$ cat start.tsv   # TSV, C-alpha atoms and all ligand atoms
chain	number	residue	atom	x	y	z
E	1	MET	CA	0.00	0.00	0.00
E	2	GLN	CA	3.00	2.29	0.49
E	3	SER	CA	4.02	4.38	-2.46
E	4	SER	CA	7.35	3.45	-4.05
E	5	GLN	CA	7.76	7.07	-5.16
E	6	ASN	CA	9.93	9.55	-3.24
E	7	ILE	CA	7.78	12.26	-1.67
E	8	VAL	CA	9.15	15.32	0.10
E	9	MET	CA	7.66	17.15	3.08
E	10	SER	CA	8.98	19.84	5.40
E	11	GLY	CA	7.86	22.92	7.28
E	12	ILE	CA	8.99	26.07	9.02
E	13	ARG	CA	7.29	27.65	12.03
E	14	PRO	CA	6.09	31.26	11.75
E	15	THR	CA	7.80	32.20	14.99
E	16	GLY	CA	9.99	34.99	13.68
E	17	TYR	CA	12.12	36.12	10.79
E	18	LEU	CA	13.81	33.43	8.72
E	19	HIS	CA	17.57	33.30	9.08
E	20	LEU	CA	20.63	31.84	7.46
E	21	GLY	CA	20.15	28.57	9.37
E	22	ASN	CA	16.69	28.13	7.88
E	23	PHE	CA	18.10	28.91	4.45
E	24	PHE	CA	21.07	26.52	4.48
E	25	GLY	CA	19.50	23.89	6.77
E	26	ALA	CA	16.21	23.70	4.93
E	27	LEU	CA	15.21	26.13	2.18
E	28	CYS	CA	18.08	25.64	-0.25
E	29	ASN	CA	17.30	21.92	-0.28
E	30	TYR	CA	13.58	22.63	-0.83
E	31	VAL	CA	14.42	24.69	-3.90
E	32	ARG	CA	16.50	21.92	-5.43
E	33	MET	CA	14.10	19.15	-4.49
E	34	GLN	CA	11.13	20.86	-6.14
E	35	GLU	CA	12.76	20.06	-9.50
E	36	GLU	CA	13.09	16.38	-8.70
E	37	TYR	CA	10.21	15.18	-6.50
E	38	PRO	CA	6.57	15.85	-5.58
E	39	CYS	CA	6.95	18.30	-2.67
E	40	PHE	CA	4.79	19.51	0.22
E	41	PHE	CA	6.06	22.52	2.15
E	42	MET	CA	4.10	24.25	4.87
E	43	VAL	CA	4.11	27.12	7.28
E	44	ALA	CA	3.72	25.32	10.59
E	45	ASP	CA	1.34	27.73	12.30
E	46	LEU	CA	-0.19	25.05	14.57
E	47	HIS	CA	3.25	24.16	15.87
E	48	SER	CA	3.86	27.78	16.76
E	49	LEU	CA	0.86	27.73	19.14
E	50	THR	CA	2.87	25.71	21.67
E	51	THR	CA	4.61	28.93	22.67
E	52	HIS	CA	1.38	30.99	22.77
E	53	PRO	CA	2.24	33.63	20.13
E	54	ASP	CA	0.38	36.94	20.05
E	55	ASN	CA	-2.65	36.18	17.86
E	56	ARG	CA	-2.59	39.75	16.47
E	57	THR	CA	0.76	39.14	14.81
E	58	LEU	CA	0.21	35.59	13.57
E	59	ARG	CA	-1.14	36.65	10.19
E	60	GLU	CA	1.88	38.85	9.52
E	61	SER	CA	4.28	36.12	10.60
E	62	VAL	CA	2.58	33.53	8.38
E	63	THR	CA	2.57	35.75	5.29
E	64	ARG	CA	6.18	36.73	5.88
E	65	VAL	CA	7.36	33.12	6.07
E	66	LEU	CA	5.40	32.34	2.90
E	67	ALA	CA	6.88	35.35	1.14
E	68	GLU	CA	10.40	34.44	2.32
E	69	ASN	CA	9.96	30.85	1.08
E	70	ILE	CA	8.96	32.11	-2.36
E	71	ALA	CA	11.70	34.75	-2.38
E	72	CYS	CA	14.26	31.99	-1.75
E	73	GLY	CA	13.08	30.21	-4.90
E	74	LEU	CA	10.09	28.00	-4.05
E	75	ASP	CA	7.56	27.93	-6.86
E	76	PRO	CA	3.96	27.58	-5.55
E	77	GLU	CA	2.92	26.16	-8.94
E	78	LYS	CA	5.47	23.34	-8.72
E	79	VAL	CA	5.03	22.42	-5.05
E	80	ALA	CA	2.18	22.37	-2.56
E	81	LEU	CA	3.01	25.41	-0.41
E	82	TYR	CA	0.41	25.65	2.32
E	83	CYS	CA	-0.47	26.74	5.77
E	84	GLN	CA	-0.76	23.87	8.28
E	85	SER	CA	-4.06	25.06	9.82
E	86	HIS	CA	-5.69	25.03	6.36
E	87	VAL	CA	-5.34	21.26	6.29
E	88	PRO	CA	-7.42	19.97	9.24
E	89	GLU	CA	-6.70	16.35	8.24
E	90	THR	CA	-3.34	16.93	9.94
E	91	THR	CA	-4.96	17.09	13.36
E	92	GLU	CA	-6.98	13.93	12.78
E	93	LEU	CA	-3.83	11.98	11.98
E	94	TYR	CA	-2.10	13.63	14.95
E	95	LEU	CA	-4.79	12.18	17.22
E	96	TYR	CA	-4.27	8.66	15.87
E	97	PHE	CA	-0.50	8.89	16.33
E	98	ASN	CA	-0.97	10.24	19.86
E	99	MET	CA	-2.42	6.84	20.76
E	100	LEU	CA	0.90	5.25	19.71
E	101	ALA	CA	3.24	7.71	21.45
E	102	TYR	CA	4.33	7.14	25.03
E	103	LYS	CA	4.79	9.75	27.74
E	104	GLY	CA	8.28	8.49	28.68
E	105	GLU	CA	9.74	8.81	25.20
E	106	LEU	CA	8.13	12.22	24.64
E	107	GLU	CA	9.53	13.53	27.93
E	108	LYS	CA	13.02	12.43	26.89
E	109	THR	CA	13.00	14.48	23.67
E	110	THR	CA	15.79	17.07	23.71
E	111	THR	CA	13.68	19.85	22.21
E	112	PHE	CA	10.96	19.23	24.83
E	113	LYS	CA	13.48	19.43	27.67
E	114	ASP	CA	14.98	22.64	26.20
E	115	LYS	CA	11.59	24.30	25.72
E	116	ALA	CA	10.40	23.23	29.17
E	117	ARG	CA	13.47	24.93	30.63
E	118	LEU	CA	12.81	28.09	28.59
E	119	GLN	CA	9.10	28.34	29.40
E	120	PRO	CA	8.61	26.67	32.81
E	121	ASP	CA	5.17	28.26	33.23
E	122	ASN	CA	3.86	26.86	29.95
E	123	ILE	CA	4.81	23.19	29.69
E	124	ASN	CA	1.64	22.29	27.82
E	125	ALA	CA	0.63	18.95	26.31
E	126	GLY	CA	1.13	20.37	22.80
E	127	LEU	CA	4.77	20.98	23.60
E	128	LEU	CA	5.14	17.41	24.83
E	129	THR	CA	3.49	15.94	21.72
E	130	TYR	CA	5.25	18.24	19.24
E	131	PRO	CA	7.10	15.30	17.61
E	132	VAL	CA	3.75	13.54	17.15
E	133	LEU	CA	2.28	16.50	15.27
E	134	GLN	CA	5.42	16.65	13.19
E	135	THR	CA	5.03	12.95	12.37
E	136	ALA	CA	1.44	13.62	11.28
E	137	ASP	CA	2.62	16.51	9.05
E	138	ILE	CA	5.08	14.25	7.26
E	139	LEU	CA	3.07	11.06	7.05
E	140	LEU	CA	-0.09	12.87	5.98
E	141	HIS	CA	1.49	12.83	2.53
E	142	ARG	CA	3.31	9.53	3.11
E	143	ALA	CA	6.52	11.47	2.56
E	144	ASN	CA	9.84	9.67	2.97
E	145	LEU	CA	12.29	12.54	2.40
E	146	VAL	CA	12.38	15.37	4.91
E	147	PRO	CA	14.81	18.22	4.21
E	148	VAL	CA	15.70	19.59	7.66
E	149	GLY	CA	18.67	20.84	9.63
E	150	LYS	CA	20.63	18.78	12.14
E	151	ASP	CA	18.45	19.92	15.05
E	152	GLN	CA	15.61	17.77	13.70
E	153	GLU	CA	17.42	14.41	13.66
E	154	GLN	CA	15.83	13.13	16.86
E	155	HIS	CA	12.32	14.10	15.73
E	156	LEU	CA	12.80	12.15	12.51
E	157	GLU	CA	13.89	9.11	14.48
E	158	MET	CA	10.68	9.38	16.50
E	159	ALA	CA	8.64	9.73	13.29
E	160	ARG	CA	10.18	6.47	12.05
E	161	ASN	CA	9.27	4.76	15.33
E	162	PHE	CA	5.67	5.98	15.14
E	163	ALA	CA	5.37	4.89	11.50
E	164	GLN	CA	6.73	1.44	12.38
E	165	ARG	CA	4.34	1.11	15.31
E	166	PHE	CA	1.38	2.04	13.14
E	167	ASN	CA	2.41	-0.35	10.37
E	168	HIS	CA	2.99	-3.15	12.85
E	169	ARG	CA	-0.43	-2.72	14.43
E	170	TYR	CA	-2.60	-1.83	11.45
E	171	GLY	CA	-0.78	-2.82	8.25
E	172	ASP	CA	1.78	-1.35	5.93
E	173	ILE	CA	0.55	2.20	5.29
E	174	PHE	CA	3.46	4.51	6.02
E	175	PRO	CA	7.05	4.86	4.80
E	176	GLU	CA	9.80	5.50	7.36
E	177	PRO	CA	10.84	9.12	6.74
E	178	GLN	CA	14.50	10.12	6.60
E	179	ALA	CA	16.14	13.51	7.16
E	180	PHE	CA	17.51	14.69	3.85
E	181	ASN	CA	20.32	16.97	2.78
E	182	TYR	CA	22.14	17.18	-0.55
E	183	GLY	CA	25.48	17.39	1.22
E	184	LYS	CA	27.13	14.58	3.17
E	185	GLU	CA	25.83	15.74	6.52
E	186	LEU	CA	22.89	17.63	7.96
E	187	VAL	CA	23.69	21.32	8.30
E	188	LYS	CA	23.98	23.37	11.46
E	189	VAL	CA	24.55	27.08	10.91
E	190	PRO	CA	26.29	28.35	14.07
E	191	SER	CA	25.45	31.61	15.81
E	192	LEU	CA	27.95	34.49	15.63
E	193	ASP	CA	28.77	34.54	19.35
E	194	GLY	CA	30.11	30.99	19.21
E	195	VAL	CA	27.29	29.69	21.44
E	196	GLY	CA	24.73	27.39	19.82
E	197	LYS	CA	23.01	27.84	16.46
E	198	MET	CA	21.31	30.69	14.64
E	199	SER	CA	17.69	30.80	15.71
E	200	LYS	CA	14.48	32.74	15.06
E	201	SER	CA	13.80	33.64	18.65
E	202	GLU	CA	16.98	33.28	20.70
E	203	ASN	CA	20.34	34.90	20.07
E	204	GLN	CA	18.99	37.62	17.77
E	205	ASN	CA	22.18	39.69	17.72
E	206	ALA	CA	24.17	36.63	16.78
E	207	THR	CA	21.78	35.50	14.04
E	208	LEU	CA	21.69	36.79	10.46
E	209	TYR	CA	18.10	37.19	9.25
E	210	LEU	CA	17.00	37.23	5.61
E	211	ALA	CA	15.23	40.51	6.44
E	212	ASP	CA	18.28	42.22	8.03
E	213	ASP	CA	19.31	45.50	6.41
E	214	ASP	CA	22.82	45.85	5.01
E	215	ASP	CA	24.15	47.78	7.98
E	216	SER	CA	22.88	45.28	10.54
E	217	ILE	CA	24.47	42.44	8.60
E	218	ARG	CA	27.85	44.18	8.56
E	219	LYS	CA	27.61	45.20	12.22
E	220	LYS	CA	26.60	41.75	13.44
E	221	LEU	CA	29.51	40.19	11.56
E	222	MET	CA	32.01	42.76	12.85
E	223	LYS	CA	30.92	41.85	16.41
E	224	ALA	CA	31.37	38.11	15.85
E	225	LYS	CA	33.69	36.54	18.40
E	226	THR	CA	37.38	36.23	17.38
E	227	ASP	CA	40.75	36.20	19.17
E	228	ALA	CA	44.38	37.32	18.67
E	229	GLY	CA	44.85	34.78	15.88
E	230	PRO	CA	46.80	31.52	15.48
E	231	THR	CA	50.35	31.32	16.73
E	232	GLU	CA	51.46	28.12	15.00
E	233	SER	CA	50.99	27.17	11.37
E	234	SER	CA	47.99	24.94	10.56
E	235	GLN	CA	46.81	25.11	14.16
E	236	PRO	CA	43.25	23.70	14.69
E	237	LYS	CA	40.63	26.46	14.63
E	238	PRO	CA	38.65	27.23	17.78
E	239	ASP	CA	34.87	26.70	17.24
E	240	TYR	CA	34.03	30.41	16.93
E	241	ILE	CA	36.69	30.89	14.21
E	242	GLU	CA	35.63	27.75	12.38
E	243	ASN	CA	32.10	29.19	12.49
E	244	LEU	CA	33.25	32.25	10.52
E	245	PHE	CA	34.81	29.96	7.94
E	246	VAL	CA	31.58	27.93	7.82
E	247	LEU	CA	29.67	31.12	6.98
E	248	MET	CA	32.28	32.13	4.44
E	249	ARG	CA	32.03	28.74	2.72
E	250	LEU	CA	28.29	29.31	2.42
E	251	VAL	CA	28.36	32.72	0.73
E	252	SER	CA	31.85	33.68	-0.49
E	253	ALA	CA	33.69	32.86	-3.71
E	254	PRO	CA	36.21	29.94	-3.66
E	255	ASP	CA	39.26	32.23	-4.14
E	256	VAL	CA	38.18	34.39	-1.19
E	257	ILE	CA	37.83	31.33	1.03
E	258	ALA	CA	41.19	29.96	-0.13
E	259	HIS	CA	42.84	33.31	0.61
E	260	PHE	CA	41.65	33.40	4.23
E	261	GLU	CA	42.34	29.68	4.81
E	262	ALA	CA	45.93	30.25	3.64
E	263	ALA	CA	46.23	33.36	5.81
E	264	TYR	CA	45.03	31.35	8.82
E	265	ASP	CA	47.48	28.52	8.13
E	266	SER	CA	50.38	30.94	7.83
E	267	CYS	CA	49.32	32.89	10.96
E	268	THR	CA	48.93	36.12	8.96
E	269	ILE	CA	45.16	36.30	9.12
E	270	ARG	CA	43.53	39.58	10.17
E	271	TYR	CA	40.09	38.80	11.47
E	272	GLY	CA	38.93	42.39	10.93
E	273	ASP	CA	39.60	41.99	7.19
E	274	MET	CA	37.95	38.59	7.13
E	275	LYS	CA	34.80	39.88	8.83
E	276	LYS	CA	34.67	42.89	6.51
E	277	GLN	CA	34.90	40.68	3.45
E	278	LEU	CA	32.33	38.27	4.88
E	279	GLY	CA	30.05	41.24	5.60
E	280	GLU	CA	30.15	42.33	1.95
E	281	ASP	CA	29.58	38.80	0.65
E	282	MET	CA	26.73	38.30	3.10
E	283	VAL	CA	25.07	41.57	2.05
E	284	GLY	CA	25.38	40.42	-1.58
E	285	PHE	CA	23.65	37.20	-0.65
E	286	ILE	CA	20.87	38.50	1.62
E	287	ALA	CA	19.89	41.84	0.02
E	288	PRO	CA	18.20	40.43	-3.12
E	289	ILE	CA	16.22	37.88	-1.07
E	290	ARG	CA	15.13	40.61	1.35
E	291	ALA	CA	13.91	42.84	-1.49
E	292	ARG	CA	12.00	40.03	-3.23
E	293	ALA	CA	10.37	38.91	0.04
E	294	ALA	CA	9.19	42.45	0.83
E	295	ASP	CA	7.57	42.79	-2.61
E	296	ILE	CA	5.84	39.43	-2.33
E	297	GLN	CA	4.60	40.09	1.20
E	298	ALA	CA	3.04	43.35	0.09
E	299	ASP	CA	0.92	41.49	-2.50
E	300	GLU	CA	-1.89	40.14	-0.31
E	301	GLN	CA	-4.05	38.91	-3.19
E	302	TYR	CA	-1.20	36.85	-4.58
E	303	LEU	CA	-0.43	35.28	-1.20
E	304	LYS	CA	-4.09	34.45	-0.67
E	305	LYS	CA	-4.08	32.58	-3.99
E	306	VAL	CA	-0.88	30.78	-3.06
E	307	MET	CA	-2.42	29.62	0.22
E	308	GLN	CA	-5.64	28.47	-1.45
E	309	LEU	CA	-3.84	26.53	-4.15
E	310	GLY	CA	-1.46	24.97	-1.62
E	311	ALA	CA	-4.31	23.91	0.69
E	312	GLU	CA	-6.18	22.30	-2.21
E	313	LYS	CA	-3.16	20.24	-3.22
E	314	ALA	CA	-2.34	19.26	0.37
E	315	ARG	CA	-5.94	18.32	1.23
E	316	ALA	CA	-6.26	16.12	-1.84
E	317	SER	CA	-3.17	14.16	-0.81
E	318	ALA	CA	-4.28	14.09	2.87
E	319	ALA	CA	-7.73	12.73	1.99
E	320	GLN	CA	-6.18	9.73	0.26
E	321	THR	CA	-3.95	8.95	3.23
E	322	LEU	CA	-6.76	9.29	5.75
E	323	THR	CA	-9.05	6.99	3.80
E	324	ALA	CA	-6.33	4.34	3.89
E	325	VAL	CA	-5.66	5.02	7.59
E	326	ARG	CA	-9.29	4.86	8.69
E	327	THR	CA	-9.80	1.63	6.77
E	328	ALA	CA	-6.66	0.10	8.25
E	329	MET	CA	-7.76	1.11	11.76
E	330	GLY	CA	-11.26	-0.32	11.30
E	331	LEU	CA	-12.89	3.09	11.49
E	332	ASN	CA	-14.79	2.59	8.22
E	333	TYR	CA	-18.21	1.52	9.52
E	334	PHE	CA	-20.16	2.18	6.35
E	401	LIG	P1	12.48	26.29	12.75
E	401	LIG	O1	13.18	27.60	12.57
E	401	LIG	O2	12.79	25.63	14.06
E	401	LIG	O3	11.03	26.34	12.41
E	401	LIG	O4	13.15	25.29	11.68
E	401	LIG	C1	12.87	25.31	10.31
E	401	LIG	C2	13.93	24.54	9.56
E	401	LIG	O5	15.18	25.22	9.59
E	401	LIG	C3	14.20	23.13	10.14
E	401	LIG	O6	14.41	22.25	9.06
E	401	LIG	C4	15.46	23.31	10.94
E	401	LIG	O7	16.21	22.11	10.98
E	401	LIG	C5	16.21	24.36	10.10
E	401	LIG	N1	17.11	25.17	10.96
E	401	LIG	C6	16.75	26.04	11.93
E	401	LIG	N2	17.85	26.62	12.50
E	401	LIG	C7	18.93	26.08	11.87
E	401	LIG	C8	20.36	26.28	11.97
E	401	LIG	N3	20.89	27.19	12.80
E	401	LIG	N4	21.16	25.56	11.15
E	401	LIG	C9	20.64	24.67	10.26
E	401	LIG	N5	19.32	24.45	10.09
E	401	LIG	C10	18.46	25.14	10.89
$ encode --input "start.tsv" --output "C-alpha cells"
Amino acid sequence: MQSSQNIVMSGIRPTGYLHLGNFFGALCNYVRMQEEYPCFFMVADLHSLTTHPDNRTLRESVTRVLAENIACGLDPEKVALYCQSHVPETTELYLYFNMLAYKGELEKTTTFKDKARLQPDNINAGLLTYPVLQTADILLHRANLVPVGKDQEQHLEMARNFAQRFNHRYGDIFPEPQAFNYGKELVKVPSLDGVGKMSKSENQNATLYLADDDDSIRKKLMKAKTDAGPTESSQPKPDYIENLFVLMRLVSAPDVIAHFEAAYDSCTIRYGDMKKQLGEDMVGFIAPIRARAADIQADEQYLKKVMQLGAEKARASAAQTLTAVRTAMGLNYF
C-alpha cells in the first residue's frame, strides 16, 4: 500500500524572521528538491501555538514566512506550499499517532526538555506531543524525504518509530521518513557569538536574518567573536573561528575562502579583514532575497491565492492517506 515514489515534506514555524540557518539547513534543499520530487512545504502555524504567540501578529508572521519561502526560490505552482491550519486532516492523523506515542519517550526528547526549561510556566501537552504532530505533518502525505537541519534528527527518528508502530499494528501504510540533505551531513549554521546555532527567537544579535538590512548584517559580523589569531601554522581552529569559515564557505567565492584559509594557516590572518569581506559577501547574498520577500509580502491577493492553491493540493493528498488510515484502523463503519 505504500508508495514506491519519493515524496518530500517539510515545514517552518512562523515564529519569527527566517535566518541563514533556515536557508542553508532547509530552504536551499527545498528549492533543489522541487525540480526532482513531488513536494509539500508548509508554514507550521499550529506548531507555533505551543509557545502561545500573540494572535494579532500571527497573520503577519505567516505571510512573511510564505513570502520568504517564495523569495528563496520556491515555486507555488510546482510544489504544494500551504499553511498547516488550512489542512485539518493533519490534526486527525495527529490524534491517531498520539495513541501510539508514550509519555516516557516524549519527555526524553531534547527539544521538549529545552523548551520546558525556557518556558517553565507553559509546559503544555502540545509541547510534549510536538514530535507527534510533526510525524502527522510528514506522514499525511506519506513522505519519505524530509529536508531539515541537524536539530531535527531526533524528531525524525521518532517519526520512524511511530510509523513502524502504526504499520505493525494496522498494516503497511506509512514509509519510514529520513532527514535529507544534498550534502554529506545535515547542516547546522552556528550563531555568531560561538554559542549554539542561529535561531528565530533566541540569540537575535548573533543570528543573520534574511530581512536584516545591510548595515545590521555588517555590524553583526564585525561583532562576531574572534581572538588574537593563530600562533602556530595549521593550528586547529577554535569553534568560533571555524564558524566564521563555515559562513564564508556558504556565501563567499572559492578564491576568497582559499585566501583566508591560507592566511590562517600561515598565521597572517587579520580577522577584521575577514569579517569585513564576509560582511560584503553576506550583504550580496541576503539583500536580493530581502527585497523580493518584501515585494511578495506586500501582494496580499497573490499570497491568498498561493495559500488556497497549496491547501487544495495538500488536502487532496491528505484525503487519500486518511481513507487508507481509517480503513486500516477499522474506522470505516459504512
Ligand atoms: P524552525 O526555525 O525551528 O522552524 O526550523 C525550520 C527549519 O530550519 C528546520 O528544518 C530546521 O532544521 C532548520 N534550521 C533552523 N535553525 C537552523 C540552523 N541554525 N542551522 C541549520 N538548520 C536550521
$ residues_around --input "start.tsv" --residues "Phe97 in chain E" --least-positions-apart "3" --cutoff "8 Å" --atoms "all atoms listed in the file" --output "tab-separated table (two decimals) with C-alpha atoms, keeping the file's coordinate frame"
chain	number	residue	atom	x	y	z
E	93	LEU	CA	-3.83	11.98	11.98
E	94	TYR	CA	-2.10	13.63	14.95
E	100	LEU	CA	0.90	5.25	19.71
E	101	ALA	CA	3.24	7.71	21.45
E	132	VAL	CA	3.75	13.54	17.15
E	135	THR	CA	5.03	12.95	12.37
E	136	ALA	CA	1.44	13.62	11.28
E	162	PHE	CA	5.67	5.98	15.14
E	166	PHE	CA	1.38	2.04	13.14
$ closest_atom_pairs --input "start.tsv" --of "chain E" --to "ligand LIG 401 (chain E)" --cutoff "6 Å" --atoms "only C-alpha atoms and all ligand atoms" --output "JSON lines"
{"residue": "E:Ile12", "atom": "CA", "partner": "E:LIG401", "partner_atom": "O3", "distance": 4.0}
{"residue": "E:Arg13", "atom": "CA", "partner": "E:LIG401", "partner_atom": "O3", "distance": 4.0}
{"residue": "E:Gly21", "atom": "CA", "partner": "E:LIG401", "partner_atom": "C8", "distance": 3.5}
{"residue": "E:Asn22", "atom": "CA", "partner": "E:LIG401", "partner_atom": "O5", "distance": 3.7}
{"residue": "E:Gly25", "atom": "CA", "partner": "E:LIG401", "partner_atom": "N5", "distance": 3.4}
{"residue": "E:Ala26", "atom": "CA", "partner": "E:LIG401", "partner_atom": "O6", "distance": 4.7}
{"residue": "E:Val148", "atom": "CA", "partner": "E:LIG401", "partner_atom": "O6", "distance": 3.3}
{"residue": "E:Gly149", "atom": "CA", "partner": "E:LIG401", "partner_atom": "O7", "distance": 3.1}
{"residue": "E:Lys150", "atom": "CA", "partner": "E:LIG401", "partner_atom": "O7", "distance": 5.7}
{"residue": "E:Asp151", "atom": "CA", "partner": "E:LIG401", "partner_atom": "O7", "distance": 5.1}
{"residue": "E:Gln152", "atom": "CA", "partner": "E:LIG401", "partner_atom": "O7", "distance": 5.2}
{"residue": "E:Val187", "atom": "CA", "partner": "E:LIG401", "partner_atom": "C9", "distance": 4.9}
{"residue": "E:Lys188", "atom": "CA", "partner": "E:LIG401", "partner_atom": "N4", "distance": 3.6}
{"residue": "E:Val189", "atom": "CA", "partner": "E:LIG401", "partner_atom": "N4", "distance": 3.7}
{"residue": "E:Pro190", "atom": "CA", "partner": "E:LIG401", "partner_atom": "N3", "distance": 5.7}
{"residue": "E:Lys197", "atom": "CA", "partner": "E:LIG401", "partner_atom": "N3", "distance": 4.3}
{"residue": "E:Met198", "atom": "CA", "partner": "E:LIG401", "partner_atom": "N3", "distance": 4.0}
{"residue": "E:Ser199", "atom": "CA", "partner": "E:LIG401", "partner_atom": "N2", "distance": 5.3}
{"residue": "E:Lys200", "atom": "CA", "partner": "E:LIG401", "partner_atom": "O1", "distance": 5.9}
$ atom_distance --input "start.tsv" --atom1 "CA of Gln119 in chain E" --atom2 "CA of Asn203 in chain E"
16.0 Å
$ atom_distance --input "start.tsv" --atom1 "CA of Ser201 in chain E" --atom2 "CA of Gly284 in chain E"
24.3 Å
$ residues_around --input "start.tsv" --residues "Thr268 in chain E" --least-positions-apart "6" --cutoff "10 Å" --atoms "only C-alpha atoms" --output "MDAnalysis selection string"
chainID E and resid 229:231 233 260 262
$ write_last_selection --input "start.tsv" --atoms "C-alpha atoms" --output "PDB file, in the coordinates of the input"
ATOM      1  CA  GLY E 229      44.850  34.780  15.880  1.00  0.00           C
ATOM      2  CA  PRO E 230      46.800  31.520  15.480  1.00  0.00           C
ATOM      3  CA  THR E 231      50.350  31.320  16.730  1.00  0.00           C
ATOM      4  CA  SER E 233      50.990  27.170  11.370  1.00  0.00           C
ATOM      5  CA  PHE E 260      41.650  33.400   4.230  1.00  0.00           C
ATOM      6  CA  ALA E 262      45.930  30.250   3.640  1.00  0.00           C
TER       7      ALA E 262
END
